[in-house]
Amino acid sequence: MKNWWKILTVILLFYTVIGGLFLEAPRLHILNESIRNLHFHVPMWFGMLTLLIISAAFSIRYLRNPTFRNDIWAVESANTAIVFGVLGIITGMIWANFTWGKAWSGDPKQNAAAVALLMYFAYLLLRNSFEDRQQKGRISSIYNIFAFATYIPLIYILPRLTDSLHPGNGGNPGFNAYDLDSRLRLVFYPAVIGWTLLGLWLTTLRIRLKTVEEKVQELG
């Protein structure tokens with residue numbers, strides 16, 4: 001039963017999709033039925049944050065113990081986090097189009113999310129610019145740690161200090177101040193767990209693939 005968490009992931013995501021689209025949701029001002037996107041857009045960012053924490057942690061571990069395992073966990077966690085970040089921006093743009101009138105309005109939260117993704121795209125480009133494995137791992141780990149240290153204030157602090165349409169920023173109340181009642185909570189919390197577990201699952205699959213490729217190269 002070591003794969004129990006994968007079974008749980010499938011169950012939670014199936015429940016999220018069905019429940020998020022078809023269970024009763026509160027009719028909130030302006031948001032209306034678009035509130036269902038809460039179960040997809042927000043958990044993407046929770047998943048991204050979790051994966052970035054893992055990536056930064058393994059980068060720190062790599063600097064202390066430069067092993068293939070630490071390096072591959074750092075980069076593949078970041079890779080999956082980027083995918084979640086892109087999906088988070090896309091679902092956010094769809095939501096913004098219905099509630100703000102256009103997909104991209106230059107909102108501080110949107111701009112910060114775009115900058116954060118660019119930082120991590122730069123991380124991948126930096127890695128690919130080195131041939132020597134130790135040099136690649138060491139320099140990219142240092143960059144990854146500083147990128148994560150920049151990500152936190154960029155996403156969670158700076159947008160709160162200026163005008164913003166995004167809930168929870170610029171003086172706007174977060175969703176807890178709205179009617180985030182049991183009808184939403186019944187799906188939202190399982191969705192956060194499910195999407196986060198999916199991110200971890202994808203990361204482990206990528207790590208297994210890279211590990212096999214590494215062993216093949218050693219044998220060749």
# chains A, B, ... in the order shown; residues from 1 in each chain; ligands from 1
call {"tool": "residues_around", "arguments": {"residues": "Phe46 of chain A", "least_positions_apart": "2", "cutoff": "10 Å", "atoms": "only C-alpha atoms", "output": "ChimeraX atom specification"}}
result
/A:41-44,48-52,81,84-85,88,192-193,195-196
call {"tool": "residues_around", "arguments": {"residues": "Ser140 of chain A", "least_positions_apart": "4", "cutoff": "9 Å", "atoms": "only C-alpha atoms", "output": "mmCIF file with N, CA and C atoms, in the first residue's frame"}}
result
data_model
loop_
_atom_site.group_PDB
_atom_site.id
_atom_site.type_symbol
_atom_site.label_atom_id
_atom_site.label_comp_id
_atom_site.auth_asym_id
_atom_site.auth_seq_id
_atom_site.Cartn_x
_atom_site.Cartn_y
_atom_site.Cartn_z
ATOM 1 N N SER A 59 17.826 22.546 -2.885
ATOM 2 C CA SER A 59 18.963 23.366 -3.318
ATOM 3 C C SER A 59 19.888 23.655 -2.150
ATOM 4 N N VAL A 75 15.556 20.608 -9.215
ATOM 5 C CA VAL A 75 15.171 21.082 -10.547
ATOM 6 C C VAL A 75 13.808 20.539 -10.979
ATOM 7 N N TYR A 123 15.861 30.439 -14.216
ATOM 8 C CA TYR A 123 16.555 29.377 -13.477
ATOM 9 C C TYR A 123 16.855 28.188 -14.386
ATOM 10 N N LEU A 124 15.871 27.800 -15.199
ATOM 11 C CA LEU A 124 16.080 26.680 -16.115
ATOM 12 C C LEU A 124 17.088 27.030 -17.203
ATOM 13 N N LEU A 126 19.513 29.152 -16.882
ATOM 14 C CA LEU A 126 20.816 29.194 -16.229
ATOM 15 C C LEU A 126 21.410 27.793 -16.127
ATOM 16 N N ARG A 127 20.602 26.832 -15.752
ATOM 17 C CA ARG A 127 21.081 25.455 -15.645
ATOM 18 C C ARG A 127 21.596 24.949 -16.991
ATOM 19 N N GLN A 135 29.266 22.469 -11.434
ATOM 20 C CA GLN A 135 29.108 23.912 -11.579
ATOM 21 C C GLN A 135 27.642 24.268 -11.816
ATOM 22 N N LYS A 136 26.981 23.468 -12.664
ATOM 23 C CA LYS A 136 25.555 23.683 -12.928
ATOM 24 C C LYS A 136 24.746 23.576 -11.643
ATOM 25 N N ASN A 144 18.440 29.490 -7.234
ATOM 26 C CA ASN A 144 17.125 28.990 -6.834
ATOM 27 C C ASN A 144 16.744 29.469 -5.440
ATOM 28 N N ILE A 145 17.694 29.474 -4.533
ATOM 29 C CA ILE A 145 17.432 29.938 -3.164
ATOM 30 C C ILE A 145 17.061 31.417 -3.155
#
call {"tool": "select_by_dssp", "arguments": {"residues": "segment 89-193 of chain A", "states": "alpha helix (DSSP H)", "output": "JSON, numbers by chain"}}
result
{"A": [89, 90, 91, 92, 93, 94, 95, 96, 97, 98, 99, 108, 109, 110, 111, 112, 113, 114, 115, 116, 117, 118, 119, 120, 121, 122, 123, 124, 125, 126, 127, 128, 133, 134, 135, 136, 137, 138, 139, 140, 141, 142, 143, 144, 145, 146, 147, 148, 149, 150, 151, 152, 153, 154, 155, 156, 182, 183, 184, 185, 186, 187, 188, 189, 190, 191, 192, 193]}
call {"tool": "residues_around", "arguments": {"residues": "Glu76 of chain A", "least_positions_apart": "4", "cutoff": "9 Å", "atoms": "only C-alpha atoms", "output": "number ranges by chain"}}
result
A: 55, 71-72, 80-81, 202-204, 206-207
call {"tool": "residues_around", "arguments": {"residues": "Ala103 of chain A", "least_positions_apart": "2", "cutoff": "9 Å", "atoms": "only C-alpha atoms", "output": "PDB file with N, CA and C atoms, in the first residue's frame"}}
result
ATOM      1  N   ILE A  90      -3.298  30.992 -16.286  1.00  0.00           N
ATOM      2  CA  ILE A  90      -4.336  30.791 -17.301  1.00  0.00           C
ATOM      3  C   ILE A  90      -5.722  30.768 -16.666  1.00  0.00           C
ATOM      4  N   GLY A  92      -6.498  32.018 -13.840  1.00  0.00           N
ATOM      5  CA  GLY A  92      -6.741  33.361 -13.304  1.00  0.00           C
ATOM      6  C   GLY A  92      -7.191  34.331 -14.383  1.00  0.00           C
ATOM      7  N   MET A  93      -6.617  34.222 -15.578  1.00  0.00           N
ATOM      8  CA  MET A  93      -7.013  35.089 -16.685  1.00  0.00           C
ATOM      9  C   MET A  93      -8.448  34.811 -17.109  1.00  0.00           C
ATOM     10  N   ILE A  94      -8.806  33.528 -17.130  1.00  0.00           N
ATOM     11  CA  ILE A  94     -10.194  33.171 -17.472  1.00  0.00           C
ATOM     12  C   ILE A  94     -11.156  33.767 -16.454  1.00  0.00           C
ATOM     13  N   TRP A  95     -10.801  33.655 -15.181  1.00  0.00           N
ATOM     14  CA  TRP A  95     -11.637  34.195 -14.101  1.00  0.00           C
ATOM     15  C   TRP A  95     -11.716  35.718 -14.197  1.00  0.00           C
ATOM     16  N   ALA A  96     -10.564  36.351 -14.422  1.00  0.00           N
ATOM     17  CA  ALA A  96     -10.529  37.814 -14.513  1.00  0.00           C
ATOM     18  C   ALA A  96     -11.363  38.322 -15.677  1.00  0.00           C
ATOM     19  N   ASN A  97     -11.407  37.568 -16.761  1.00  0.00           N
ATOM     20  CA  ASN A  97     -12.169  37.993 -17.934  1.00  0.00           C
ATOM     21  C   ASN A  97     -13.654  38.126 -17.609  1.00  0.00           C
ATOM     22  N   PHE A  98     -14.141  37.272 -16.720  1.00  0.00           N
ATOM     23  CA  PHE A  98     -15.557  37.313 -16.357  1.00  0.00           C
ATOM     24  C   PHE A  98     -15.846  38.305 -15.229  1.00  0.00           C
ATOM     25  N   TRP A 100     -13.471  40.906 -13.972  1.00  0.00           N
ATOM     26  CA  TRP A 100     -12.832  42.217 -14.115  1.00  0.00           C
ATOM     27  C   TRP A 100     -13.056  42.840 -15.482  1.00  0.00           C
ATOM     28  N   GLY A 101     -13.595  42.056 -16.405  1.00  0.00           N
ATOM     29  CA  GLY A 101     -13.894  42.610 -17.730  1.00  0.00           C
ATOM     30  C   GLY A 101     -12.855  42.311 -18.790  1.00  0.00           C
ATOM     31  N   SER A 105      -5.329  42.814 -16.842  1.00  0.00           N
ATOM     32  CA  SER A 105      -5.565  44.234 -16.581  1.00  0.00           C
ATOM     33  C   SER A 105      -4.350  44.926 -15.986  1.00  0.00           C
TER      34      SER A 105
END
call {"tool": "closest_residue", "arguments": {"among": "A:Gln110, A:Gln134, A:Thr67, A:Thr91", "to": "His39 of chain A", "atoms": "only C-alpha atoms"}}
result
A:Thr91
call {"tool": "atom_distance", "arguments": {"atom1": "atom CA of Ala113 of chain A", "atom2": "atom CA of Ile35 of chain A"}}
result
20.4 Å
call {"tool": "residues_around", "arguments": {"residues": "Val115 of chain A", "least_positions_apart": "4", "cutoff": "10 Å", "atoms": "only C-alpha atoms", "output": "ChimeraX atom specification"}}
result
/A:109-111,119-121,151,154-155
call {"tool": "write_last_selection", "arguments": {"atoms": "C-alpha atoms", "output": "mmCIF file, in the first residue's frame"}}
result
data_model
loop_
_atom_site.group_PDB
_atom_site.id
_atom_site.type_symbol
_atom_site.label_atom_id
_atom_site.label_comp_id
_atom_site.auth_asym_id
_atom_site.auth_seq_id
_atom_site.Cartn_x
_atom_site.Cartn_y
_atom_site.Cartn_z
ATOM 1 C CA LYS A 109 -0.927 40.374 -8.447
ATOM 2 C CA GLN A 110 -1.010 39.375 -12.117
ATOM 3 C CA ASN A 111 2.211 41.245 -12.847
ATOM 4 C CA MET A 119 12.450 34.220 -12.617
ATOM 5 C CA TYR A 120 12.037 30.466 -12.675
ATOM 6 C CA PHE A 121 12.258 30.263 -16.457
ATOM 7 C CA TYR A 151 9.100 34.962 -4.728
ATOM 8 C CA LEU A 154 6.762 39.398 -4.655
ATOM 9 C CA ILE A 155 3.593 37.300 -4.477
#
call {"tool": "atom_distance", "arguments": {"atom1": "atom CA of Ala147 of chain A", "atom2": "atom CA of Pro66 of chain A"}}
result
19.4 Å
call {"tool": "closest_residue", "arguments": {"among": "A:Trp5, A:Tyr156, A:Phe14, A:Phe146", "to": "Leu197 of chain A", "atoms": "only C-alpha atoms"}}
result
A:Trp5
call {"tool": "closest_residue", "arguments": {"among": "A:Ile157, A:Arg185, A:Gly106, A:Leu87", "to": "Leu23 of chain A", "atoms": "only C-alpha atoms"}}
result
A:Arg185
call {"tool": "atom_distance", "arguments": {"atom1": "atom CA of Met1 of chain A", "atom2": "atom CA of Lys210 of chain A"}}
result
24.6 Å
